[in-house]
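To start, the structure under review is shown below, and the notes come after it.
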Amino acid sequence: MKVRLDHVGIAVSDAETAAAFYRERFGLQVSHVEQVASQQVRAHFLPAGECQLELLEATAPGSPIARFLEKRGPGLHHVALAVDDIHGALAMLKTAGVRLVDETPRAGAEGALVAFLHPSAAHGVLVELKQPAVGAAAGRPPAVPLFRGPARMPFGDVELVSLSDGFFALDGGAMFGVVPRTLWEKRLPPDDRHRIPLGMRPLVVRGAETVLIDAGCGDKMDAKSAAIYALDRSYHLAHALADAGLSVDDIDVVVASHLHFDHVGGFTERRADGRVVPRFPRARYLAHAGEWHDATHPHERNRASYLPENFLPLMDAGVLTLVEDDAELSPGIHFRRSGGHTAHHQVVTIASGGRTAVFAADMYPTSAHLPDPWVMGYDLYPVDTLAFKRAFALEAIEREYLVFFEHDPSMAAGILRERDGKRTVERVL
Ligand SMILES: [Zn+2]
Ligand SMILES: [Zn+2]
């Protein structure tokens, strides 16, 4: 397990006075103050190099910090070690017989997941394990607000429900291709490992049928990959479906924009006996025939993105139908080939009541990818992406399409606008 010192927690009776001491004597400044309601504590954070001091002040009598102060007076409260995979770390400690205060992680300050070891296990020190929020740099919360949803809206005669399968993070340079960092980092600031936070936002269309477009990465990913991608599925598709009043049994049709793992991992699930089976028991699944061919004949450049367990079991179960460009997937819902990202990558159009919504998938992964040449380094055919985007943007602005950004960390959907030659996205969801 790789850990790094994240912060030192100090219980204080008066955070203002304590902060003044560290400011006047050591030049440390308070970067932010956060109230953690569940713990009845207010924390002042003072960055000091790669780590920070956390001054803890009780907000209610009887709270954990109030009790600590009563018993021992102000002083060292805990030491926090950052880990990439808190679930894995807890499992290892538990197996080794280490006494834990928290066997499962809970929500801490700065959007992190935290868990405490018992002081008796760590030579008299209360040790906090902390998995920082996706996109958080050392001692700093994520630079962009993370929007989780679900978010729903009526759209013509149907209802659109944007869901979440959690967040992950990818190398910022790879996400923006040839665009220099000095330009993209203003839109999506990277963490200290050069990664930017990304959402996974499947979309449900409730009309004549209930259609699910993409399903996030699902829960089959191993711990090593989950750590590489800073996967945060503390709130995932099952939670989002439940919050939207839906269950897996409500889904009639499941559509794949393309077969990359961050889009179709949630199409299947692993049962207790190890078998991988379709996750939506009543649904028929639709994917593009050309994309299927490429996914089942991968090469060195795309192999890591196509995980057979995400789509082969659908074919084996006889629930997958392969369709061509422009196929009608359900009444009013169509594929439209964008190519570029993969040869047969599809955006999905939803027409209802004279309006059009477009699920852009990896054509516009985030709203920061609006400029035509801001094309991902991941794209197999970037010049094709550019050509599609160039034509699509004009059409989307002209017809006021509602565009869904599947990987945007902060926004689910918006309308493209152009004013004085400058393009912007007006957020809707
Ligand atoms: Zn993709
Ligand atoms: Zn993607």
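FYI, nothing fancy with the structure tokens labels: chains A, B, ... in order, residues from 1 per chain, ligands from 1 as they appear.
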Distance table requested - chain A against ligand 2, cut-off 10 Å, only C-alpha atoms and all ligand atoms: one row per qualifying residue with the closest atom pair and its distance in Å to one decimal, ordered by chain and rising residue number, as a Markdown table.
| residue | atom | partner | partner_atom_place_in_ligand_line | distance |
| --- | --- | --- | --- | --- |
| A:Met175 | CA | ligand 2 | 1 (Zn) | 9.9 |
| A:Leu198 | CA | ligand 2 | 1 (Zn) | 9.3 |
| A:Gly199 | CA | ligand 2 | 1 (Zn) | 9.4 |
| A:Met200 | CA | ligand 2 | 1 (Zn) | 8.0 |
| A:Asp214 | CA | ligand 2 | 1 (Zn) | 9.9 |
| A:Gly216 | CA | ligand 2 | 1 (Zn) | 8.8 |
| A:Cys217 | CA | ligand 2 | 1 (Zn) | 9.5 |
| A:Ser257 | CA | ligand 2 | 1 (Zn) | 9.4 |
| A:His258 | CA | ligand 2 | 1 (Zn) | 8.7 |
| A:Leu259 | CA | ligand 2 | 1 (Zn) | 9.3 |
| A:His260 | CA | ligand 2 | 1 (Zn) | 6.7 |
| A:Phe261 | CA | ligand 2 | 1 (Zn) | 7.8 |
| A:Asp262 | CA | ligand 2 | 1 (Zn) | 5.5 |
| A:His263 | CA | ligand 2 | 1 (Zn) | 6.1 |
| A:Val264 | CA | ligand 2 | 1 (Zn) | 9.6 |
| A:Ser305 | CA | ligand 2 | 1 (Zn) | 9.2 |
| A:His341 | CA | ligand 2 | 1 (Zn) | 9.1 |
| A:Ala361 | CA | ligand 2 | 1 (Zn) | 6.7 |
| A:Asp362 | CA | ligand 2 | 1 (Zn) | 5.2 |
| A:Met363 | CA | ligand 2 | 1 (Zn) | 9.0 |
| A:Tyr364 | CA | ligand 2 | 1 (Zn) | 9.7 |
| A:Pro365 | CA | ligand 2 | 1 (Zn) | 6.8 |
| A:Thr366 | CA | ligand 2 | 1 (Zn) | 10.0 |
| A:Tyr378 | CA | ligand 2 | 1 (Zn) | 9.3 |
| A:Glu406 | CA | ligand 2 | 1 (Zn) | 7.6 |
| A:His407 | CA | ligand 2 | 1 (Zn) | 6.8 |
- Message: Going by DSSP on the backbone, which residues of range 133-258 of chain A come out as helix (DSSP H, G or I)? List them as JSON, numbers by chain.
- Response: {"A": [172, 173, 174, 175, 176, 181, 182, 183, 184, 223, 224, 225, 226, 227, 228, 237, 238, 239, 240, 241, 242, 243, 248, 249, 250]}
- Message: When you count only C-alpha atoms, which of these residues is closest to Arg181 in chain A: A:Ile196, A:Leu231, A:Met221, A:Ala112?
- Response: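 Distance minimum relative to Arg181 in chain A lands on A:Ile196.
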- Query: Neighbours of range 319-327 of chain A within 6 Å (only C-alpha atoms; same-chain residues fewer than 2 positions away dropped), as number ranges by chain?
  - Reply: A: 284-289, 314-315, 317, 329, 334-337
With C-alpha atoms retained, could you export that selection as a short mmCIF file (atom, residue, chain, number, x, y, z; two decimals), in the first residue's frame?
data_model
loop_
_atom_site.label_atom_id
_atom_site.label_comp_id
_atom_site.auth_asym_id
_atom_site.auth_seq_id
_atom_site.Cartn_x
_atom_site.Cartn_y
_atom_site.Cartn_z
CA ARG A 284 -32.96 -5.57 -25.35
CA TYR A 285 -29.50 -4.17 -25.96
CA LEU A 286 -28.47 -2.26 -29.09
CA ALA A 287 -24.97 -1.60 -30.40
CA HIS A 288 -23.48 -0.66 -33.76
CA ALA A 289 -22.38 -3.59 -35.95
CA LEU A 314 -24.91 -9.95 -23.99
CA MET A 315 -24.37 -11.81 -27.26
CA ALA A 317 -27.50 -14.35 -23.67
CA LEU A 329 -33.42 2.56 -31.59
CA HIS A 334 -31.74 7.42 -33.51
CA PHE A 335 -28.07 6.65 -33.92
CA ARG A 336 -26.04 9.20 -35.83
CA ARG A 337 -22.49 8.27 -36.75
#
- Message: List as a PyMOL selection string the protein and nucleic acid residues near range 34-47 of chain A, meaning an atom at most 12 Å away when only C-alpha atoms are counted, but skip any in the same chain fewer than 3 places from it.
- Response: chain A and resi 6-23+26-31+50-68+106-112+137-141
- For ligand 1, which of A:Ile397, A:Val277, A:Ala387, A:Leu380 is the closest residue, counting only C-alpha atoms and all ligand atoms?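 Ranked by minimum distance to ligand 1, first place goes to A:Leu380.
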- For Ala151 in chain A: contacts at 9 Å, only C-alpha atoms, fewer than 2 positions along chain excluded, given as a list of chain:residue names: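 Residues near the query, excluding close chain neighbours: A:Arg148, A:Gly149, A:Met153, A:Leu160, A:Val161, A:Ser162, A:Leu163, A:Ala244, A:Ala412, A:Leu429.
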For the selection just defined, write its residues with all heavy atoms to a file, as a PDB file, in the first residue's frame.
ATOM      1  N   ARG A 148     -23.563  15.755  -9.320  1.00  0.00           N
ATOM      2  CA  ARG A 148     -23.886  14.345  -9.283  1.00  0.00           C
ATOM      3  C   ARG A 148     -25.235  14.034  -9.930  1.00  0.00           C
ATOM      4  O   ARG A 148     -25.398  13.030 -10.599  1.00  0.00           O
ATOM      5  CB  ARG A 148     -23.898  13.926  -7.816  1.00  0.00           C
ATOM      6  CG  ARG A 148     -23.790  12.474  -7.589  1.00  0.00           C
ATOM      7  CD  ARG A 148     -23.852  12.193  -6.108  1.00  0.00           C
ATOM      8  NE  ARG A 148     -25.190  12.423  -5.605  1.00  0.00           N
ATOM      9  CZ  ARG A 148     -25.556  12.273  -4.343  1.00  0.00           C
ATOM     10  NH1 ARG A 148     -24.669  11.924  -3.446  1.00  0.00           N
ATOM     11  NH2 ARG A 148     -26.787  12.493  -3.956  1.00  0.00           N
ATOM     12  N   GLY A 149     -26.227  14.873  -9.695  1.00  0.00           N
ATOM     13  CA  GLY A 149     -27.562  14.539 -10.165  1.00  0.00           C
ATOM     14  C   GLY A 149     -28.224  13.553  -9.225  1.00  0.00           C
ATOM     15  O   GLY A 149     -27.774  13.441  -8.086  1.00  0.00           O
ATOM     16  N   MET A 153     -35.889  16.346 -16.636  1.00  0.00           N
ATOM     17  CA  MET A 153     -36.665  17.429 -17.232  1.00  0.00           C
ATOM     18  C   MET A 153     -37.617  16.867 -18.275  1.00  0.00           C
ATOM     19  O   MET A 153     -37.300  15.904 -18.961  1.00  0.00           O
ATOM     20  CB  MET A 153     -35.739  18.465 -17.870  1.00  0.00           C
ATOM     21  CG  MET A 153     -34.930  17.955 -19.044  1.00  0.00           C
ATOM     22  SD  MET A 153     -33.897  19.258 -19.785  1.00  0.00           S
ATOM     23  CE  MET A 153     -35.119  20.239 -20.648  1.00  0.00           C
ATOM     24  N   LEU A 160     -36.497  13.303 -19.831  1.00  0.00           N
ATOM     25  CA  LEU A 160     -35.072  12.970 -19.867  1.00  0.00           C
ATOM     26  C   LEU A 160     -34.552  12.948 -18.436  1.00  0.00           C
ATOM     27  O   LEU A 160     -34.811  13.873 -17.660  1.00  0.00           O
ATOM     28  CB  LEU A 160     -34.298  14.012 -20.683  1.00  0.00           C
ATOM     29  CG  LEU A 160     -34.746  14.174 -22.139  1.00  0.00           C
ATOM     30  CD1 LEU A 160     -33.947  15.267 -22.835  1.00  0.00           C
ATOM     31  CD2 LEU A 160     -34.603  12.853 -22.899  1.00  0.00           C
ATOM     32  N   VAL A 161     -33.831  11.883 -18.076  1.00  0.00           N
ATOM     33  CA  VAL A 161     -33.292  11.749 -16.718  1.00  0.00           C
ATOM     34  C   VAL A 161     -31.793  11.486 -16.830  1.00  0.00           C
ATOM     35  O   VAL A 161     -31.373  10.425 -17.304  1.00  0.00           O
ATOM     36  CB  VAL A 161     -33.955  10.588 -15.950  1.00  0.00           C
ATOM     37  CG1 VAL A 161     -33.550  10.639 -14.475  1.00  0.00           C
ATOM     38  CG2 VAL A 161     -35.473  10.616 -16.095  1.00  0.00           C
ATOM     39  N   SER A 162     -30.994  12.465 -16.416  1.00  0.00           N
ATOM     40  CA  SER A 162     -29.543  12.295 -16.434  1.00  0.00           C
ATOM     41  C   SER A 162     -29.102  11.641 -15.128  1.00  0.00           C
ATOM     42  O   SER A 162     -29.417  12.131 -14.048  1.00  0.00           O
ATOM     43  CB  SER A 162     -28.859  13.649 -16.602  1.00  0.00           C
ATOM     44  OG  SER A 162     -27.458  13.485 -16.484  1.00  0.00           O
ATOM     45  N   LEU A 163     -28.381  10.527 -15.242  1.00  0.00           N
ATOM     46  CA  LEU A 163     -27.970   9.763 -14.070  1.00  0.00           C
ATOM     47  C   LEU A 163     -26.460   9.852 -13.897  1.00  0.00           C
ATOM     48  O   LEU A 163     -25.763  10.445 -14.713  1.00  0.00           O
ATOM     49  CB  LEU A 163     -28.388   8.294 -14.241  1.00  0.00           C
ATOM     50  CG  LEU A 163     -29.875   8.055 -14.499  1.00  0.00           C
ATOM     51  CD1 LEU A 163     -30.130   6.580 -14.797  1.00  0.00           C
ATOM     52  CD2 LEU A 163     -30.714   8.484 -13.296  1.00  0.00           C
ATOM     53  N   ALA A 244     -34.102   8.317  -8.907  1.00  0.00           N
ATOM     54  CA  ALA A 244     -34.980   8.764  -9.988  1.00  0.00           C
ATOM     55  C   ALA A 244     -36.272   7.945 -10.025  1.00  0.00           C
ATOM     56  O   ALA A 244     -37.082   8.097 -10.950  1.00  0.00           O
ATOM     57  CB  ALA A 244     -34.248   8.670 -11.328  1.00  0.00           C
ATOM     58  N   ALA A 412     -24.583  18.393 -16.704  1.00  0.00           N
ATOM     59  CA  ALA A 412     -25.111  17.242 -17.446  1.00  0.00           C
ATOM     60  C   ALA A 412     -25.476  17.612 -18.878  1.00  0.00           C
ATOM     61  O   ALA A 412     -25.271  16.825 -19.805  1.00  0.00           O
ATOM     62  CB  ALA A 412     -26.322  16.660 -16.725  1.00  0.00           C
ATOM     63  N   LEU A 429     -28.929  21.499 -17.358  1.00  0.00           N
ATOM     64  CA  LEU A 429     -28.980  20.523 -16.258  1.00  0.00           C
ATOM     65  C   LEU A 429     -27.594  20.409 -15.622  1.00  0.00           C
ATOM     66  O   LEU A 429     -26.602  20.453 -16.301  1.00  0.00           O
ATOM     67  CB  LEU A 429     -29.409  19.141 -16.759  1.00  0.00           C
ATOM     68  CG  LEU A 429     -30.859  18.932 -17.184  1.00  0.00           C
ATOM     69  CD1 LEU A 429     -31.046  17.506 -17.694  1.00  0.00           C
ATOM     70  CD2 LEU A 429     -31.822  19.191 -16.025  1.00  0.00           C
TER      71      LEU A 429
END
- Item | Nearest to Pro105 in chain A by atom-to-atom distance, counting only C-alpha atoms, from A:Pro132, A:Pro202, A:Gly218, A:Gly177 |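 For Pro105 in chain A, the nearest of the given residues is A:Pro132.
Using only C-alpha atoms and all ligand atoms, the shortest contact distance between ligand 1 and any of A:Ala396, A:Ala295, A:Leu76, A:Leu81 is found at A:Ala295.
Around Ser338 in chain A, within 7 Å and counting only C-alpha atoms, the residues found are His345, Gln346, Val347, Thr385 and Phe388 of chain A, once anything fewer than 3 positions away on its own chain is removed.
When only C-alpha atoms and all ligand atoms are used to compute distances to ligand 1, the closest of the residues A:His344, A:His87, A:His32, A:Arg417 turns out to be A:His344.
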- Message: From a backbone DSSP assignment, name each residue in range 72-188 of chain A labelled strand (DSSP E or B), as a PyMOL selection string.
- Response: chain A and resi 75-82+100+106-107+113-117+127-131+151-155+158-162+167-171
- Residue contacts of Gly172 in chain A (9 Å, only C-alpha atoms) excluding same-chain residues fewer than 5 positions away, as a list in words: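 Listing them by chain and then by number gives Gly177, Arg181, Trp184, Glu185, Leu188, Pro189, Pro190, His194, Arg195, Ile196 and Pro197 of chain A.
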